[in-house]
Each structure stands twice: as structure tokens, then as C-alpha cells.
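Read the structure below first, then the notes.
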Amino acid sequence: MTGDSDDGGESYEEIIHATGHEHVSAAHASTFEITTDDYLTPAGDCILAIDADRAPADFDPEFVAACRDADATITVTIEADGHRESVTGRGHPDLEFTNERSAVGRTSDYVDDRTVVVGASFAAEGFDRELVAALASGTETTVTLTVE
């Protein structure tokens with residue numbers, strides 16, 4: 001999806017529909033993840049939602065190209081059961097968007113095929129606890145990624 005951002009530049013958006021899970025703990029200090037897997041073990045403390053209907057490999061090429069700009073601002077917004085929180089980070093020239101399973105946000109600059117944002121302002125442990133409780137109840141979740 002293409003649109004105009006507030007500063008007159010282009011913005012692109014990708015939407016993922018997923019589901020929370022009883023094992024969502026959102027305790028990880030440096031990453032957060034949305035996965036297409038239909039299960040979650042207690043060890044997956046970075047995972048916020050499962051059973052995602054899309055993965056990075058499904059994203060539009062224009063969105064991907066915009067994210068590969070080191071000056072791009074990428075915002076990930078997670079909504080569940082009336083709760084909403086956004087985390088902001090930046091793009092990176094090495095972002096691949098080739099993974100068919102998981103989308104990972106990172107507070108670091110580390111990039112692999114799952115990475116969708118680097119330099120995130122916080123990781124799983126930073127998400128609002130009411131939102132995390134909603135995710136842990138197994139509610140439907142919408143994840144919106146926007147790049148400007």
C-alpha cells in the first residue's frame with residue numbers, strides 16, 4: 001500500500017493478521033517476533049503472536065525497497081483486544097525480507113533473513129503489559145508495519 005506521509009514523502013504499509021497464545025510472555029530484552037508457526041513454547045519469550053497470515057517474503061517489493069534505506073523510519077504497531085502499541089526503528093541496506101516464517105524486530109543492528117526493523121526503541125519486554133495480557137489470552141492480533 002502506498003500513501004503520502006505527513007512530510008510529503010512516500011510511505012508504505014504491510015498488515016499481518018495473527019493470533020496471541022497462552023505462552024506469550026514478551027520477556028525478551030532485544031527482539032520481538034511474529035511467526036507463521038501455529039504453536040508457541042514457553043521458551044519463545046520474544047514471540048508476540050503466532051499463526052500469522054503473512055511473512056516477510058510476502059511483502060510488496062516497494063515496501064522492501066523503502067525499508068532498505070538506512071534513513072527510513074519503520075514503525076510496527078500491534079493491536080489486540082482494544083490495546084495498541086507502536087515501536088519505532090529504522091531500515092538497513094542489508095534487510096532481506098526473504099523469510100517465509102517469521103518477522104523479527106531488533107534493538108540492535110543485527111540483520112538476518114527474518115529481520116524487519118533494526119534499532120527498535122524497545123523489544124518484547126517493553127510492550128505494555130495489558131497488551132501482552134491480551135496477546136496471552138489468544139486474541140486476534142493485527143500487526144501493521146509502516147515505512148517512511
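Residues are named by chain letter and number: chains run A, B, ... in the order of the C-alpha cells, numbers start at 1 in each chain, and ligands are numbered from 1 in the order shown.
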Any chance you could tabulate, as JSON lines, the residues of range 52-134 of chain A at most 6 Å from range 17-31 of chain A with each one's nearest atom pair and distance in Å to one decimal, using only C-alpha atoms, in chain and rising number order?
```
{"residue": "A:Ala52", "atom": "CA", "partner": "A:Ala18", "partner_atom": "CA", "distance": 4.1}
{"residue": "A:Asp53", "atom": "CA", "partner": "A:His17", "partner_atom": "CA", "distance": 5.6}
{"residue": "A:Gly105", "atom": "CA", "partner": "A:Thr31", "partner_atom": "CA", "distance": 5.5}
{"residue": "A:Arg106", "atom": "CA", "partner": "A:Thr31", "partner_atom": "CA", "distance": 4.5}
{"residue": "A:Thr107", "atom": "CA", "partner": "A:Ser30", "partner_atom": "CA", "distance": 5.3}
{"residue": "A:Ala123", "atom": "CA", "partner": "A:Thr31", "partner_atom": "CA", "distance": 4.8}
{"residue": "A:Ala124", "atom": "CA", "partner": "A:Ala26", "partner_atom": "CA", "distance": 4.5}
{"residue": "A:Glu125", "atom": "CA", "partner": "A:Ala27", "partner_atom": "CA", "distance": 4.4}
```
If you run DSSP on the backbone, which residues of chain A are strand (DSSP E), as JSON, numbers by chain? {"A": [2, 3, 4, 10, 11, 12, 13, 14, 15, 16, 17, 18, 19, 31, 32, 33, 34, 35, 47, 48, 49, 73, 74, 75, 76, 77, 78, 79, 80, 83, 84, 85, 86, 87, 88, 89, 90, 102, 103, 104, 105, 106, 115, 116, 117, 140, 141, 142, 143, 144, 145, 146, 147]}
Residues within 7 Å of Val111 in chain A, please, as a PyMOL selection string. Count only C-alpha atoms; anything in the same chain fewer than 2 positions from it doesn't count. chain A and resi 94-95+109+113+115
Using only C-alpha atoms, which protein or nucleic acid residues come within 6 Å of Ile47 in chain A? Drop anything in the same chain fewer than 4 positions from it, and give the result as a list in words.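 So the residues in contact are Phe32, Glu33 and Ile34 of chain A.
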Go through A:Ile74, A:Ala103, A:Val116, A:Ala80 one by one, measure the shortest atom-to-atom distance of each to Asp37 in chain A using only C-alpha atoms, and give the residue with the smallest value.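 Using only C-alpha atoms, the shortest distance to Asp37 in chain A belongs to A:Ala103.
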What's the 6 Å shell around Asn99 in chain A, counting only C-alpha atoms, without same-chain residues fewer than 4 positions away, as a list in words?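 Here the answer would be Pro56, Ala57, Asp113 and Arg114 of chain A.
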Backbone-only DSSP, alpha helix (DSSP H) members of chain A, as a list in words: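 The residues of chain A classed as alpha helix (DSSP H) are Pro61, Glu62, Phe63, Val64, Ala65, Ala66, Cys67, Arg129, Glu130, Leu131, Val132, Ala133, Ala134, Leu135 and Ala136 of chain A.
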Thr36 in chain A surroundings by only C-alpha atoms, 6 Å radius, close-in-sequence under 2 positions cut, as a PyMOL selection string: chain A and resi 50-52+101
Same residues, all heavy atoms, output as a compact mmCIF listing (two decimals), in the first residue's frame:
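Done, and the output landed in again09.txt:
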```txt
# COMPACT_ATOMS: atom_id res chain seq x y z
N ILE A 50 1.32 -15.66 16.95
CA ILE A 50 1.57 -16.83 16.10
C ILE A 50 0.52 -16.90 14.99
O ILE A 50 -0.39 -16.08 14.94
CB ILE A 50 1.55 -18.14 16.92
CG1 ILE A 50 0.14 -18.40 17.49
CG2 ILE A 50 2.59 -18.08 18.05
CD1 ILE A 50 -0.05 -19.80 18.05
N ASP A 51 0.65 -17.91 14.16
CA ASP A 51 -0.34 -18.19 13.10
C ASP A 51 -0.56 -16.98 12.19
O ASP A 51 -1.67 -16.71 11.76
CB ASP A 51 -1.65 -18.68 13.74
CG ASP A 51 -2.44 -19.59 12.82
OD1 ASP A 51 -1.85 -20.11 11.85
OD2 ASP A 51 -3.64 -19.78 13.08
N ALA A 52 0.53 -16.25 11.92
CA ALA A 52 0.46 -15.07 11.07
C ALA A 52 0.08 -15.47 9.64
O ALA A 52 0.50 -16.52 9.15
CB ALA A 52 1.80 -14.35 11.07
N ARG A 101 8.67 -17.50 7.37
CA ARG A 101 8.13 -17.96 8.63
C ARG A 101 7.96 -16.88 9.69
O ARG A 101 6.94 -16.84 10.36
CB ARG A 101 9.06 -19.04 9.19
CG ARG A 101 8.37 -20.17 9.84
CD ARG A 101 9.36 -21.25 10.17
NE ARG A 101 9.28 -21.51 11.59
CZ ARG A 101 10.17 -22.17 12.29
NH1 ARG A 101 11.26 -22.60 11.72
NH2 ARG A 101 9.99 -22.39 13.54
```
Tell me, in Å to one decimal, how far CA of Gly89 in chain A is from CA of Gly138 in chain A. 26.5 Å
Between CA of Leu135 in chain A and CA of His92 in chain A, what is the spacing in Å? 28.7 Å
Would you kindly return, as a PyMOL selection string, each protein, DNA or RNA residue with an atom no farther than 10 Å from any atom of Thr73 in chain A, considering only C-alpha atoms and excluding same-chain residues fewer than 3 positions away? chain A and resi 11+66-67+69-70+88-92+117-120+146-148
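The smallest atom-to-atom distance between Glu100 in chain A and any of A:Val87, A:Ala55, A:Ala43, A:Ala72, using only C-alpha atoms, is found for A:Ala55.
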Separation of CA of Pro42 in chain A and CA of Phe59 in chain A, in Å?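 One can read the CA of Pro42 in chain A to CA of Phe59 in chain A distance as 28.6 Å.
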